[in-house]
Every structure is written in structure tokens, then in C-alpha cells.
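Here is run_36.pdb, consisting of PDB, C-alpha atoms:
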ATOM      1  CA  MET A 249      40.441   5.981 -12.851
ATOM      2  CA  ILE A 250      38.710   4.002 -10.068
ATOM      3  CA  LYS A 251      38.094   5.978  -6.879
ATOM      4  CA  VAL A 252      37.922   4.320  -3.469
ATOM      5  CA  LYS A 253      36.773   5.775  -0.173
ATOM      6  CA  ILE A 254      37.876   4.260   3.124
ATOM      7  CA  VAL A 255      35.495   4.280   6.084
ATOM      8  CA  SER A 256      37.065   2.483   9.022
ATOM      9  CA  ARG A 257      38.183   2.770  12.617
ATOM     10  CA  GLN A 258      41.639   1.938  11.260
ATOM     11  CA  GLN A 259      41.466   4.530   8.486
ATOM     12  CA  GLN A 260      45.064   5.694   8.694
ATOM     13  CA  ARG A 261      46.485   2.196   8.410
ATOM     14  CA  TYR A 262      44.362   1.405   5.343
ATOM     15  CA  VAL A 263      45.377   4.675   3.708
ATOM     16  CA  GLN A 264      49.018   3.776   4.330
ATOM     17  CA  LEU A 265      48.591   0.276   2.894
ATOM     18  CA  LEU A 266      46.799   1.567  -0.203
ATOM     19  CA  THR A 267      49.355   4.332  -0.752
ATOM     20  CA  ASN A 268      52.277   1.924  -0.454
ATOM     21  CA  ALA A 269      50.673  -0.630  -2.778
ATOM     22  CA  GLN A 270      50.220   1.868  -5.624
ATOM     23  CA  LEU A 271      47.487  -0.206  -7.242
ATOM     24  CA  PRO A 272      47.047   0.745 -10.910
ATOM     25  CA  LEU A 273      44.255   3.188 -11.776
ATOM     26  CA  LEU A 274      43.121   3.404  -8.155
ATOM     27  CA  LYS A 275      42.870   6.703  -6.313
ATOM     28  CA  ILE A 276      41.694   7.444  -2.781
ATOM     29  CA  THR A 277      38.886   9.966  -2.521
ATOM     30  CA  GLU A 278      37.127  11.628   0.382
ATOM     31  CA  ASP A 279      34.104  12.560  -1.741
ATOM     32  CA  PRO A 280      31.183  10.077  -1.526
ATOM     33  CA  GLN A 281      29.879  11.461  -4.816
ATOM     34  CA  GLN A 282      32.996  10.235  -6.651
ATOM     35  CA  ALA A 283      33.568   6.868  -4.978
ATOM     36  CA  THR A 284      32.773   3.740  -6.968
ATOM     37  CA  VAL A 285      34.512   1.475  -4.441
ATOM     38  CA  LEU A 286      34.305   1.393  -0.652
ATOM     39  CA  LEU A 287      36.667  -0.291   1.808
ATOM     40  CA  ALA A 288      34.619  -0.030   4.969
ATOM     41  CA  ASP A 289      33.637  -1.266   8.424
ATOM     42  CA  PRO A 290      29.972  -2.329   8.027
ATOM     43  CA  PRO A 291      28.584  -0.567  11.144
ATOM     44  CA  LEU A 292      30.215   2.729  10.136
ATOM     45  CA  ILE A 293      29.117   2.729   6.493
ATOM     46  CA  ALA A 294      25.623   1.188   6.738
ATOM     47  CA  PRO A 295      23.790   4.418   7.741
ATOM     48  CA  HIS A 296      25.439   6.397   4.927
ATOM     49  CA  LEU A 297      25.156   4.186   1.827
ATOM     50  CA  ALA A 298      22.626   6.546   0.224
ATOM     51  CA  LYS A 299      25.379   9.162  -0.076
ATOM     52  CA  TYR A 300      27.276   7.013  -2.614
ATOM     53  CA  PRO A 301      25.332   7.277  -5.903
ATOM     54  CA  HIS A 302      28.038   5.612  -8.013
ATOM     55  CA  LEU A 303      28.933   2.742  -5.671
ATOM     56  CA  GLN A 304      29.670  -0.502  -7.525
ATOM     57  CA  TRP A 305      31.573  -2.567  -4.969
ATOM     58  CA  LEU A 306      31.948  -2.513  -1.178
ATOM     59  CA  GLN A 307      34.724  -4.555   0.397
ATOM     60  CA  SER A 308      33.774  -5.140   4.020
ATOM     61  CA  THR A 309      36.631  -5.137   6.508
ATOM     62  CA  TYR A 310      34.653  -7.616   8.648
ATOM     63  CA  ALA A 311      33.389 -11.148   8.138
ATOM     64  CA  GLY A 312      30.043 -10.103   9.595
ATOM     65  CA  ILE A 313      27.938  -8.010   7.229
ATOM     66  CA  ASP A 314      24.545  -8.213   8.982
ATOM     67  CA  THR A 315      24.256  -4.409   9.235
ATOM     68  CA  LEU A 316      24.503  -4.218   5.432
ATOM     69  CA  ILE A 317      21.941  -6.866   4.475
ATOM     70  CA  LYS A 318      18.868  -5.453   6.193
ATOM     71  CA  PRO A 319      16.015  -5.210   3.657
ATOM     72  CA  GLU A 320      15.578  -1.455   4.107
ATOM     73  CA  ILE A 321      19.199  -0.780   3.048
ATOM     74  CA  ARG A 322      20.159  -0.546  -0.641
ATOM     75  CA  GLN A 323      21.553  -3.651  -2.283
ATOM     76  CA  ASN A 324      22.343  -2.464  -5.812
ATOM     77  CA  TYR A 325      26.083  -3.065  -5.606
ATOM     78  CA  GLN A 326      28.520  -5.940  -5.094
ATOM     79  CA  LEU A 327      29.308  -6.723  -1.458
ATOM     80  CA  THR A 328      32.278  -8.862  -0.436
ATOM     81  CA  ASN A 329      33.432  -9.792   3.034
ATOM     82  CA  ILE A 330      36.507 -11.236   4.749
ATOM     83  CA  ARG A 331      36.982 -14.992   4.997
ATOM     84  CA  GLY A 332      39.757 -17.457   5.587
ATOM     85  CA  ILE A 333      41.729 -15.432   8.140
ATOM     86  CA  PHE A 334      39.771 -15.834  11.375
ATOM     87  CA  GLY A 335      40.159 -19.567  12.016
ATOM     88  CA  PRO A 336      43.335 -19.363  14.128
ATOM     89  CA  LEU A 337      42.028 -16.439  16.200
ATOM     90  CA  ILE A 338      38.700 -18.115  16.950
ATOM     91  CA  ALA A 339      40.448 -21.384  17.807
ATOM     92  CA  GLU A 340      42.765 -19.574  20.234
ATOM     93  CA  TYR A 341      39.766 -17.897  21.874
ATOM     94  CA  ILE A 342      37.822 -21.153  22.275
ATOM     95  CA  LEU A 343      40.750 -23.243  23.503
ATOM     96  CA  GLY A 344      41.969 -20.524  25.841
ATOM     97  CA  HIS A 345      38.609 -20.375  27.588
ATOM     98  CA  ILE A 346      38.175 -24.147  27.732
ATOM     99  CA  LEU A 347      41.605 -24.670  29.273
ATOM    100  CA  ASN A 348      41.206 -21.786  31.701
ATOM    101  CA  HIS A 349      37.834 -23.180  32.803
ATOM    102  CA  GLN A 350      38.813 -26.852  33.070
ATOM    103  CA  ARG A 351      42.264 -26.349  34.528
ATOM    104  CA  HIS A 352      41.170 -23.627  37.006
ATOM    105  CA  PHE A 353      43.957 -21.229  36.039
ATOM    106  CA  HIS A 354      42.051 -18.147  37.189
ATOM    107  CA  GLN A 355      41.301 -19.776  40.522
ATOM    108  CA  TYR A 356      44.967 -20.612  41.042
ATOM    109  CA  LYS A 357      45.887 -16.982  40.351
ATOM    110  CA  VAL A 358      43.479 -15.851  43.050
ATOM    111  CA  GLN A 359      44.882 -18.457  45.442
ATOM    112  CA  GLN A 360      48.410 -17.238  44.720
ATOM    113  CA  GLN A 361      47.429 -13.729  45.771
ATOM    114  CA  GLN A 362      45.950 -15.189  48.950
ATOM    115  CA  LEU A 363      49.043 -17.348  49.669
ATOM    116  CA  HIS A 364      46.665 -20.321  49.551
ATOM    117  CA  TRP A 365      47.926 -23.756  48.437
ATOM    118  CA  GLN A 366      45.115 -26.003  47.224
ATOM    119  CA  SER A 367      44.795 -28.284  44.211
ATOM    120  CA  HIS A 368      41.576 -28.842  42.248
ATOM    121  CA  PRO A 369      40.569 -31.843  40.129
ATOM    122  CA  TYR A 370      40.466 -31.195  36.408
ATOM    123  CA  GLN A 371      39.587 -32.878  33.139
ATOM    124  CA  SER A 372      41.429 -33.223  29.853
ATOM    125  CA  MET A 373      40.029 -32.132  26.487
ATOM    126  CA  GLU A 374      41.025 -35.531  25.103
ATOM    127  CA  GLY A 375      37.943 -37.663  24.537
ATOM    128  CA  LYS A 376      35.518 -34.747  24.784
ATOM    129  CA  THR A 377      32.974 -34.079  22.045
ATOM    130  CA  MET A 378      33.086 -30.695  20.355
ATOM    131  CA  VAL A 379      29.977 -29.715  18.384
ATOM    132  CA  ILE A 380      30.736 -26.956  15.883
ATOM    133  CA  ILE A 381      27.665 -25.241  14.430
ATOM    134  CA  GLY A 382      28.881 -23.629  11.213
ATOM    135  CA  THR A 383      31.454 -25.616   9.245
ATOM    136  CA  GLY A 384      32.967 -22.910   7.040
ATOM    137  CA  THR A 385      36.642 -21.975   7.109
ATOM    138  CA  ILE A 386      36.541 -20.952  10.789
ATOM    139  CA  GLY A 387      34.765 -24.131  11.852
ATOM    140  CA  GLN A 388      37.131 -26.236   9.760
ATOM    141  CA  HIS A 389      40.204 -24.736  11.410
ATOM    142  CA  LEU A 390      38.701 -25.244  14.866
ATOM    143  CA  ALA A 391      37.879 -28.846  13.959
ATOM    144  CA  LYS A 392      41.494 -29.447  12.956
ATOM    145  CA  VAL A 393      42.825 -28.032  16.223
ATOM    146  CA  GLY A 394      40.259 -29.918  18.285
ATOM    147  CA  THR A 395      41.201 -33.156  16.520
ATOM    148  CA  VAL A 396      44.875 -32.650  17.392
ATOM    149  CA  LEU A 397      43.872 -32.312  21.060
ATOM    150  CA  GLY A 398      41.958 -35.581  20.926
ATOM    151  CA  CYS A 399      38.412 -34.252  20.712
ATOM    152  CA  ARG A 400      35.642 -35.983  18.804
ATOM    153  CA  ILE A 401      34.383 -33.433  16.302
ATOM    154  CA  ILE A 402      30.735 -33.143  15.221
ATOM    155  CA  GLY A 403      29.697 -30.551  12.671
ATOM    156  CA  VAL A 404      26.313 -28.967  12.056
ATOM    157  CA  ASN A 405      25.521 -27.145   8.822
ATOM    158  CA  ARG A 406      22.708 -26.602   6.323
ATOM    159  CA  ASN A 407      22.968 -29.889   4.454
ATOM    160  CA  GLY A 408      24.624 -32.362   6.821
ATOM    161  CA  ILE A 409      27.561 -32.949   4.472
ATOM    162  CA  ALA A 410      30.963 -33.067   6.171
ATOM    163  CA  ALA A 411      33.236 -30.151   5.243
ATOM    164  CA  ASN A 412      36.365 -32.311   5.588
ATOM    165  CA  ALA A 413      37.779 -35.386   7.302
ATOM    166  CA  ASP A 414      38.212 -33.634  10.665
ATOM    167  CA  PHE A 415      34.433 -33.855  11.188
ATOM    168  CA  GLN A 416      33.761 -37.373  12.377
ATOM    169  CA  GLN A 417      30.039 -36.804  12.016
ATOM    170  CA  THR A 418      27.971 -34.002  10.502
ATOM    171  CA  TYR A 419      24.282 -33.224  10.989
ATOM    172  CA  ALA A 420      21.971 -30.939   9.068
ATOM    173  CA  ILE A 421      20.768 -27.939  11.069
ATOM    174  CA  THR A 422      17.336 -29.566  11.225
ATOM    175  CA  ASN A 423      18.955 -32.262  13.413
ATOM    176  CA  LEU A 424      20.738 -29.784  15.687
ATOM    177  CA  ASN A 425      19.221 -31.265  18.837
ATOM    178  CA  THR A 426      20.649 -34.724  18.057
ATOM    179  CA  ALA A 427      24.130 -33.192  17.922
ATOM    180  CA  LEU A 428      23.616 -31.205  21.123
ATOM    181  CA  THR A 429      22.805 -34.315  23.152
ATOM    182  CA  GLN A 430      26.392 -35.501  22.528
ATOM    183  CA  ALA A 431      28.207 -32.238  23.235
ATOM    184  CA  ASP A 432      30.744 -31.385  25.888
ATOM    185  CA  TYR A 433      31.501 -28.150  24.030
ATOM    186  CA  VAL A 434      28.967 -26.308  21.854
ATOM    187  CA  ILE A 435      30.460 -23.665  19.561
ATOM    188  CA  SER A 436      28.228 -21.444  17.420
ATOM    189  CA  ILE A 437      29.951 -19.775  14.473
ATOM    190  CA  LEU A 438      26.737 -19.004  12.596
ATOM    191  CA  PRO A 439      26.041 -15.860  10.552
ATOM    192  CA  ALA A 440      23.105 -13.566  11.213
ATOM    193  CA  THR A 441      20.226 -14.599   8.969
ATOM    194  CA  ALA A 442      16.486 -14.954   9.388
ATOM    195  CA  ASP A 443      17.012 -18.725   9.701
ATOM    196  CA  THR A 444      19.408 -18.364  12.638
ATOM    197  CA  ASP A 445      17.314 -15.971  14.761
ATOM    198  CA  ASP A 446      16.951 -17.477  18.265
ATOM    199  CA  LEU A 447      18.168 -20.853  17.020
ATOM    200  CA  PHE A 448      19.447 -21.536  20.510
ATOM    201  CA  ASP A 449      16.192 -21.362  22.423
ATOM    202  CA  GLN A 450      14.758 -23.153  25.425
ATOM    203  CA  ASP A 451      14.091 -26.306  23.417
ATOM    204  CA  SER A 452      17.542 -26.630  21.852
ATOM    205  CA  PHE A 453      19.354 -25.821  25.102
ATOM    206  CA  SER A 454      17.311 -28.514  26.898
ATOM    207  CA  HIS A 455      19.090 -31.160  24.803
ATOM    208  CA  CYS A 456      22.491 -30.206  26.230
ATOM    209  CA  LYS A 457      23.966 -32.016  29.201
ATOM    210  CA  ASN A 458      26.059 -29.625  31.306
ATOM    211  CA  ALA A 459      28.012 -28.462  28.249
ATOM    212  CA  LEU A 460      30.218 -25.420  27.794
ATOM    213  CA  PHE A 461      28.548 -23.031  25.331
ATOM    214  CA  PHE A 462      30.345 -20.537  23.086
ATOM    215  CA  ASN A 463      28.876 -17.926  20.770
ATOM    216  CA  VAL A 464      31.511 -16.398  18.493
ATOM    217  CA  GLY A 465      29.210 -16.074  15.473
ATOM    218  CA  ARG A 466      26.384 -13.554  15.769
ATOM    219  CA  GLY A 467      24.279 -12.439  18.717
ATOM    220  CA  ASN A 468      20.941 -12.989  16.995
ATOM    221  CA  THR A 469      21.331 -16.775  17.282
ATOM    222  CA  VAL A 470      20.863 -16.910  21.065
ATOM    223  CA  ASN A 471      17.647 -16.362  22.968
ATOM    224  CA  GLU A 472      19.227 -14.648  25.960
ATOM    225  CA  GLN A 473      16.504 -15.495  28.487
ATOM    226  CA  ALA A 474      16.605 -19.132  27.357
ATOM    227  CA  LEU A 475      20.367 -19.195  27.949
ATOM    228  CA  ILE A 476      19.930 -17.959  31.518
ATOM    229  CA  MET A 477      17.326 -20.666  32.141
ATOM    230  CA  ALA A 478      19.641 -23.290  30.615
ATOM    231  CA  LEU A 479      22.391 -22.261  33.040
ATOM    232  CA  GLU A 480      19.999 -22.436  35.998
ATOM    233  CA  GLN A 481      18.802 -25.895  34.931
ATOM    234  CA  GLN A 482      22.390 -27.074  34.304
ATOM    235  CA  TYR A 483      21.861 -27.846  30.631
ATOM    236  CA  ILE A 484      24.765 -25.443  30.176
ATOM    237  CA  ALA A 485      27.625 -25.432  32.701
ATOM    238  CA  HIS A 486      29.108 -22.104  31.581
ATOM    239  CA  ALA A 487      28.575 -19.747  28.650
ATOM    240  CA  PHE A 488      31.305 -17.763  26.914
ATOM    241  CA  ILE A 489      29.697 -15.012  24.850
ATOM    242  CA  ASP A 490      31.527 -12.650  22.497
ATOM    243  CA  VAL A 491      28.567 -11.402  20.432
ATOM    244  CA  PHE A 492      25.188 -10.084  21.523
ATOM    245  CA  LYS A 493      21.815  -9.001  20.170
ATOM    246  CA  THR A 494      22.634  -5.413  21.152
ATOM    247  CA  GLU A 495      26.197  -4.176  21.486
ATOM    248  CA  PRO A 496      27.477  -2.869  23.779
ATOM    249  CA  LEU A 497      25.445  -4.527  26.507
ATOM    250  CA  ILE A 498      23.255  -2.146  28.474
ATOM    251  CA  PRO A 499      24.489  -1.600  32.068
ATOM    252  CA  ASN A 500      21.627  -3.533  33.692
ATOM    253  CA  HIS A 501      21.824  -6.545  31.356
ATOM    254  CA  PRO A 502      21.601  -9.788  33.406
ATOM    255  CA  PHE A 503      24.681 -11.241  31.674
ATOM    256  CA  TRP A 504      27.069  -8.787  33.335
ATOM    257  CA  LEU A 505      26.989 -10.236  36.846
ATOM    258  CA  HIS A 506      25.935 -13.791  36.095
ATOM    259  CA  PRO A 507      28.487 -16.155  37.710
ATOM    260  CA  LYS A 508      28.231 -18.686  34.880
ATOM    261  CA  ILE A 509      28.597 -16.277  31.974
ATOM    262  CA  THR A 510      31.893 -14.921  30.672
ATOM    263  CA  ILE A 511      31.552 -11.816  28.494
ATOM    264  CA  THR A 512      34.035 -10.454  25.988
ATOM    265  CA  PRO A 513      33.341  -7.312  23.895
ATOM    266  CA  HIS A 514      33.273  -8.799  20.368
ATOM    267  CA  ILE A 515      37.032  -9.380  20.269
ATOM    268  CA  ALA A 516      37.320 -13.101  19.506
ATOM    269  CA  ALA A 517      38.672 -12.394  16.010
ATOM    270  CA  GLU A 518      39.944  -8.963  15.033
ATOM    271  CA  SER A 519      40.144  -7.864  11.396
ATOM    272  CA  PHE A 520      43.826  -6.990  11.052
ATOM    273  CA  PRO A 521      44.285  -4.407   8.247
ATOM    274  CA  GLU A 522      47.235  -6.216   6.658
ATOM    275  CA  GLN A 523      45.174  -9.384   6.193
ATOM    276  CA  VAL A 524      42.094  -7.472   5.035
ATOM    277  CA  PHE A 525      44.162  -5.543   2.520
ATOM    278  CA  THR A 526      45.521  -8.743   0.985
ATOM    279  CA  ILE A 527      41.940  -9.804   0.244
ATOM    280  CA  PHE A 528      41.003  -6.320  -0.992
ATOM    281  CA  LYS A 529      44.013  -6.231  -3.322
ATOM    282  CA  ALA A 530      43.169  -9.583  -4.923
ATOM    283  CA  ASN A 531      39.558  -8.516  -5.345
ATOM    284  CA  TYR A 532      40.563  -5.164  -6.801
ATOM    285  CA  PHE A 533      42.364  -6.822  -9.686
ATOM    286  CA  ARG A 534      39.306  -9.025 -10.262
ATOM    287  CA  PHE A 535      37.066  -5.929 -10.156
ATOM    288  CA  GLN A 536      39.307  -4.216 -12.690
ATOM    289  CA  ARG A 537      39.015  -7.165 -15.057
ATOM    290  CA  GLN A 538      35.261  -7.460 -14.449
ATOM    291  CA  GLN A 539      35.718 -10.961 -13.024
ATOM    292  CA  LYS A 540      33.613 -12.502 -10.267
ATOM    293  CA  LEU A 541      34.799 -11.215  -6.896
ATOM    294  CA  ASN A 542      36.006 -13.480  -4.114
ATOM    295  CA  TYR A 543      33.728 -13.873  -1.081
ATOM    296  CA  LEU A 544      30.751 -12.278  -2.806
ATOM    297  CA  ILE A 545      27.680 -11.964  -0.577
ATOM    298  CA  ASP A 546      24.261 -13.198  -1.675
ATOM    299  CA  PHE A 547      21.919 -10.557  -0.242
ATOM    300  CA  LYS A 548      18.973 -12.974  -0.225
ATOM    301  CA  ARG A 549      20.828 -15.644   1.736
ATOM    302  CA  GLY A 550      22.617 -13.152   3.946
ATOM    303  CA  TYR A 551      26.078 -14.678   3.520
TER     304      TYR A 551
END
Reformat the file's structure so that it appears as C-alpha cells.
Amino acid sequence: MIKVKIVSRQQQRYVQLLTNAQLPLLKITEDPQQATVLLADPPLIAPHLAKYPHLQWLQSTYAGIDTLIKPEIRQNYQLTNIRGIFGPLIAEYILGHILNHQRHFHQYKVQQQQLHWQSHPYQSMEGKTMVIIGTGTIGQHLAKVGTVLGCRIIGVNRNGIAANADFQQTYAITNLNTALTQADYVISILPATADTDDLFDQDSFSHCKNALFFNVGRGNTVNEQALIMALEQQYIAHAFIDVFKTEPLIPNHPFWLHPKITITPHIAAESFPEQVFTIFKANYFRFQRQQKLNYLIDFKRGY
């Protein structure tokens, strides 16, 4: 019998899904001493991993596993994350903000409340250059949607090899600045690794030309003071930030009241239990058969 413990904000829903699925030889336990498998939200489980002496596999309910790959935390188990389900959600988030910004929808709502009739010039997304830093499944879906809307798509990844035909050009991360000089929209979908710490610093931002900047990857990638300077110097026209170095933001953080920064509380792509469970179920059968798990994390690489 394989025993799984669930540690999640959406605990009840996962228990219901597991109970209904009746997976063979799998039993839910509340005892950390008995659990060999965990289905868990990384921030909730990370401080308590030492309590699971028999842990063999942890299925993260998130794509982001940075809280679980810190060197001081144990790594003697298999860790898998969630992939392939966030592309549509991230694309909706990015496009929604771009259209709202360029078409002045919020401003028109305010004018409506003021009984004020005034038009404002706007631009189309067609012909704009979208630079996507991180060309995995999320970046690939965004590239496809951007292509449909007439954008020129540039990718940036580790090796400079295009992920698919939707990327009209792809640069290695070492040539990030060359890509940024061409960008109307800069979208970071990077994971949290030592290599991505403060990647967007004063130097890289200085290569932008009044671009819209999005961070929907991880907060460690952005030097926050450098971003504020980039906004002041008009390298960046507006920043849309969903992830931060420290979450939640402290009350006196300069981002809160900055007129050119839009904050959202890490909601760009939610892990819906039904989708997560589909991945867990497939991996469970692989775990049972002692096969290689899908979306296995390399602790050294951090993804």
C-alpha cells in the first residue's frame, strides 16, 4: 500500500478528487511518519519536509518549486512539478493588460463615471515585437497567441535554439540585451535559479526603449530598484508585476503607489486542482511501475 499525504490550501478538493479516483493501492494518510508520497503546495510543505522520513516522491501543486530547491532543504526524494497547463492563463493575463493599457479601457470607465466624453489615440498590437524570455510550454503558448494577433515574436532561452516556428528569432540568454533593444513588450517567464537572480538590472533595462515589461515568472529575476530607475528614465513605459522577491509586499514598498507599476498578487496562473490531479494521476501510475516521472525536477539546475 502506498500512502499519500495532502498539504494544500485546497486540501478538501484534492481529498475529494483522490477519493473519487480510487487509485489502486493508494491510501490517504494524515501521519507524516507513514507518507511515502506528498501532494503539496511548495510554500506549505517546505518547512516541514524533515517530518517525512519515508518520503520518496513529492508532486508539487505549483509550477514554481523555488522554496523546495534551497540548498539547506533535503533533496533525497523525487520532486515533480506542474507543466503544460498554464499557457492559456498567462496569455490571457498578458494580453488583457496590454489591451487595457493600449486601448485605455480603464480610463474610459473613469470617464463614464464622470459623464465625460473624450477619445484617446491608441495603438494596435499588430506589428509590435514581443520578446518572451523563457520559451517553455508557457512561452510557446504565448508566442502562438501573439503571432495570431500579428506580433513579431522573439524568444530568449539558454541556448538560442527556437522552441518552435512561432519564434521568428531566438537569442541565447547571453544575448538578452540584443533582444531587448527590439522589444515593445518584454515578458519574463523565467524560473528562480542562481543564474536568473537580478537578471533584469540597470544594464539590461537600459537596452529597452519605452517597452511594456511583464514579470510572470519569479520575483528573483528583477532588481526592483533598477526597475524603478528604468521607469523614471523611460526605458520602461509601464511594468506589470505578478511575482516579487518577497510576498506579500510590505506596506511601504515603493511599488504600491508607483503610477507606472501595476501589481497583482501572484494570480496570473492559478493551479486548478482538477488539472493538477490529472498530472498527479499519470505520475502515480509511473511511480507504481518504477518508471521515470513526468516533469521531474533537477535539484542542481533548479527546474
Task: Closest of A:Arg534, A:Arg331, A:Leu347, A:Pro290 to Leu316 in chain A - atom-to-atom distances counting all atoms listed in the file - done: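 Among the listed residues, A:Pro290 lies closest to Leu316 in chain A.
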TODO: Kindly give the distance, in Å, that separates CA of Phe535 in chain A and CA of Ala517 in chain A, rounded to a single decimal.
DONE: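 CA of Ala517 in chain A lies at a distance of 27.0 Å from CA of Phe535 in chain A.
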- [ ] Might you spell out which residues the PyMOL selection byres ((chain A and resi 249-257) around 6) would select in the displayed file, as a list in words?
- [x]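 Given this file, the PyMOL selection byres ((chain A and resi 249-257) around 6) evaluates to Gln258, Gln259, Leu273, Leu274, Lys275, Ile276, Thr277, Glu278, Ala283, Thr284, Val285, Leu286, Leu287, Ala288 and Asp289 of chain A.
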Task: Residue IDs satisfying the PyMOL selection byres ((chain A and resi 478) around 12), as JSON, numbers by chain - done: {"A": [448, 449, 450, 451, 452, 453, 454, 455, 456, 457, 458, 459, 460, 461, 470, 471, 472, 473, 474, 475, 476, 477, 479, 480, 481, 482, 483, 484, 485, 486, 487, 508, 509]}
Could you write those residues out with C-alpha atoms, as an mmCIF file, in the coordinates of the input?
data_model
loop_
_atom_site.group_PDB
_atom_site.id
_atom_site.type_symbol
_atom_site.label_atom_id
_atom_site.label_comp_id
_atom_site.auth_asym_id
_atom_site.auth_seq_id
_atom_site.Cartn_x
_atom_site.Cartn_y
_atom_site.Cartn_z
ATOM 1 C CA PHE A 448 19.447 -21.536 20.510
ATOM 2 C CA ASP A 449 16.192 -21.362 22.423
ATOM 3 C CA GLN A 450 14.758 -23.153 25.425
ATOM 4 C CA ASP A 451 14.091 -26.306 23.417
ATOM 5 C CA SER A 452 17.542 -26.630 21.852
ATOM 6 C CA PHE A 453 19.354 -25.821 25.102
ATOM 7 C CA SER A 454 17.311 -28.514 26.898
ATOM 8 C CA HIS A 455 19.090 -31.160 24.803
ATOM 9 C CA CYS A 456 22.491 -30.206 26.230
ATOM 10 C CA LYS A 457 23.966 -32.016 29.201
ATOM 11 C CA ASN A 458 26.059 -29.625 31.306
ATOM 12 C CA ALA A 459 28.012 -28.462 28.249
ATOM 13 C CA LEU A 460 30.218 -25.420 27.794
ATOM 14 C CA PHE A 461 28.548 -23.031 25.331
ATOM 15 C CA VAL A 470 20.863 -16.910 21.065
ATOM 16 C CA ASN A 471 17.647 -16.362 22.968
ATOM 17 C CA GLU A 472 19.227 -14.648 25.960
ATOM 18 C CA GLN A 473 16.504 -15.495 28.487
ATOM 19 C CA ALA A 474 16.605 -19.132 27.357
ATOM 20 C CA LEU A 475 20.367 -19.195 27.949
ATOM 21 C CA ILE A 476 19.930 -17.959 31.518
ATOM 22 C CA MET A 477 17.326 -20.666 32.141
ATOM 23 C CA LEU A 479 22.391 -22.261 33.040
ATOM 24 C CA GLU A 480 19.999 -22.436 35.998
ATOM 25 C CA GLN A 481 18.802 -25.895 34.931
ATOM 26 C CA GLN A 482 22.390 -27.074 34.304
ATOM 27 C CA TYR A 483 21.861 -27.846 30.631
ATOM 28 C CA ILE A 484 24.765 -25.443 30.176
ATOM 29 C CA ALA A 485 27.625 -25.432 32.701
ATOM 30 C CA HIS A 486 29.108 -22.104 31.581
ATOM 31 C CA ALA A 487 28.575 -19.747 28.650
ATOM 32 C CA LYS A 508 28.231 -18.686 34.880
ATOM 33 C CA ILE A 509 28.597 -16.277 31.974
#
Task: Output of the PyMOL selection byres ((chain A and resi 541) around 9), listed as a ChimeraX atom specification - done: /A:326-328,530-532,534-535,538-540,542-544
Atoms to include: C-alpha atoms. Write the selected residues as an mmCIF file, in the coordinates of the input.
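File out-v7.cif, as written:
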data_model
loop_
_atom_site.group_PDB
_atom_site.id
_atom_site.type_symbol
_atom_site.label_atom_id
_atom_site.label_comp_id
_atom_site.auth_asym_id
_atom_site.auth_seq_id
_atom_site.Cartn_x
_atom_site.Cartn_y
_atom_site.Cartn_z
ATOM 1 C CA GLN A 326 28.520 -5.940 -5.094
ATOM 2 C CA LEU A 327 29.308 -6.723 -1.458
ATOM 3 C CA THR A 328 32.278 -8.862 -0.436
ATOM 4 C CA ALA A 530 43.169 -9.583 -4.923
ATOM 5 C CA ASN A 531 39.558 -8.516 -5.345
ATOM 6 C CA TYR A 532 40.563 -5.164 -6.801
ATOM 7 C CA ARG A 534 39.306 -9.025 -10.262
ATOM 8 C CA PHE A 535 37.066 -5.929 -10.156
ATOM 9 C CA GLN A 538 35.261 -7.460 -14.449
ATOM 10 C CA GLN A 539 35.718 -10.961 -13.024
ATOM 11 C CA LYS A 540 33.613 -12.502 -10.267
ATOM 12 C CA ASN A 542 36.006 -13.480 -4.114
ATOM 13 C CA TYR A 543 33.728 -13.873 -1.081
ATOM 14 C CA LEU A 544 30.751 -12.278 -2.806
#
Could you work out an axis-aligned box for range 500-519 of chain A, taking every atom the file lists and adding 4 Å on each side, and report centre and edge lengths in Å to one decimal, as AutoDock Vina command-line options?
--center_x 30.9 --center_y -11.1 --center_z 24.6 --size_x 26.5 --size_y 23.2 --size_z 34.3
- [ ] Select, from A:Ile437, A:Leu363, A:Ile386, A:Val393, the residue with the minimum atom-to-atom distance to Gly465 in chain A, counting all atoms listed in the file.
- [x] A:Ile437
Task: Between CA of Arg466 in chain A and CA of Asn423 in chain A, distance in Å (one decimal) - done: 20.3 Å
- [ ] Give me, please, the distance in Å between CA of Leu447 in chain A and CA of Ile402 in chain A, quoted to one decimal.
- [x]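 If I compute the distance from CA of Leu447 in chain A to CA of Ile402 in chain A, I get 17.7 Å.
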Task: Nearby residues (all atoms listed in the file) at most 12 Å from Thr315 in chain A, same-chain spacing under 2 positions excluded, as a list of chain:residue names - done: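 Selected residues are A:Asp289, A:Pro290, A:Pro291, A:Leu292, A:Ile293, A:Ala294, A:Pro295, A:His296, A:Leu297, A:Ser308, A:Tyr310, A:Ala311, A:Gly312, A:Ile313, A:Ile317, A:Lys318, A:Pro319, A:Glu320, A:Ile321, A:Arg322, A:Gln323, A:Pro439, A:Ala440, A:Thr441, A:Arg466, A:Phe547, A:Gly550, A:Tyr551.
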Task: Who sits within 12 Å of Trp365 in chain A, all atoms listed in the file, same chain under 6 positions skipped, as number ranges by chain - done: A: 355-359
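In this comparison, which uses only C-alpha atoms, the residue of A:Asn348, A:Thr494, A:Asn324, A:Thr422 approaching Ser372 in chain A most closely is A:Asn348.
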- [ ] Point out the residue among A:Ser367, A:Tyr419, A:Leu271, A:Lys376 with the least atom-to-atom distance to Phe533 in chain A, counting all atoms listed in the file.
- [x]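 Going through A:Ser367, A:Tyr419, A:Leu271, A:Lys376 one by one, the smallest distance to Phe533 in chain A is for A:Leu271.
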Open item on the list: When you look at Gly335 in chain A with a cut-off of 7 Å (counting all atoms listed in the file), what residues show up, excluding the ones that are within fewer than 3 positions of it in the same chain? I need them as a list in words.
Closed with: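 Counting all atoms listed in the file, the residues come to Gly332, Ile338, Ala339, Thr385, Ile386, His389 and Leu390 of chain A.
With all atoms listed in the file as the atoms that count, the residue of A:His345, A:Arg261, A:His302, A:His364 with the shortest distance to Thr512 in chain A is A:His345.
The smallest atom-to-atom distance between Tyr300 in chain A and any of A:Val379, A:Leu438, A:Asp279, A:Gly398, using all atoms listed in the file, is found for A:Asp279.
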Open item on the list: Counting only C-alpha atoms, I want the residues whose atoms come within 10 Å of (14.6, -22.5, 7.4) in the file frame, returned as a list in words.
Closed with: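 Applying the cut-off with only C-alpha atoms, one gets Arg406, Ile421, Thr422, Thr441, Ala442, Asp443 and Thr444 of chain A.
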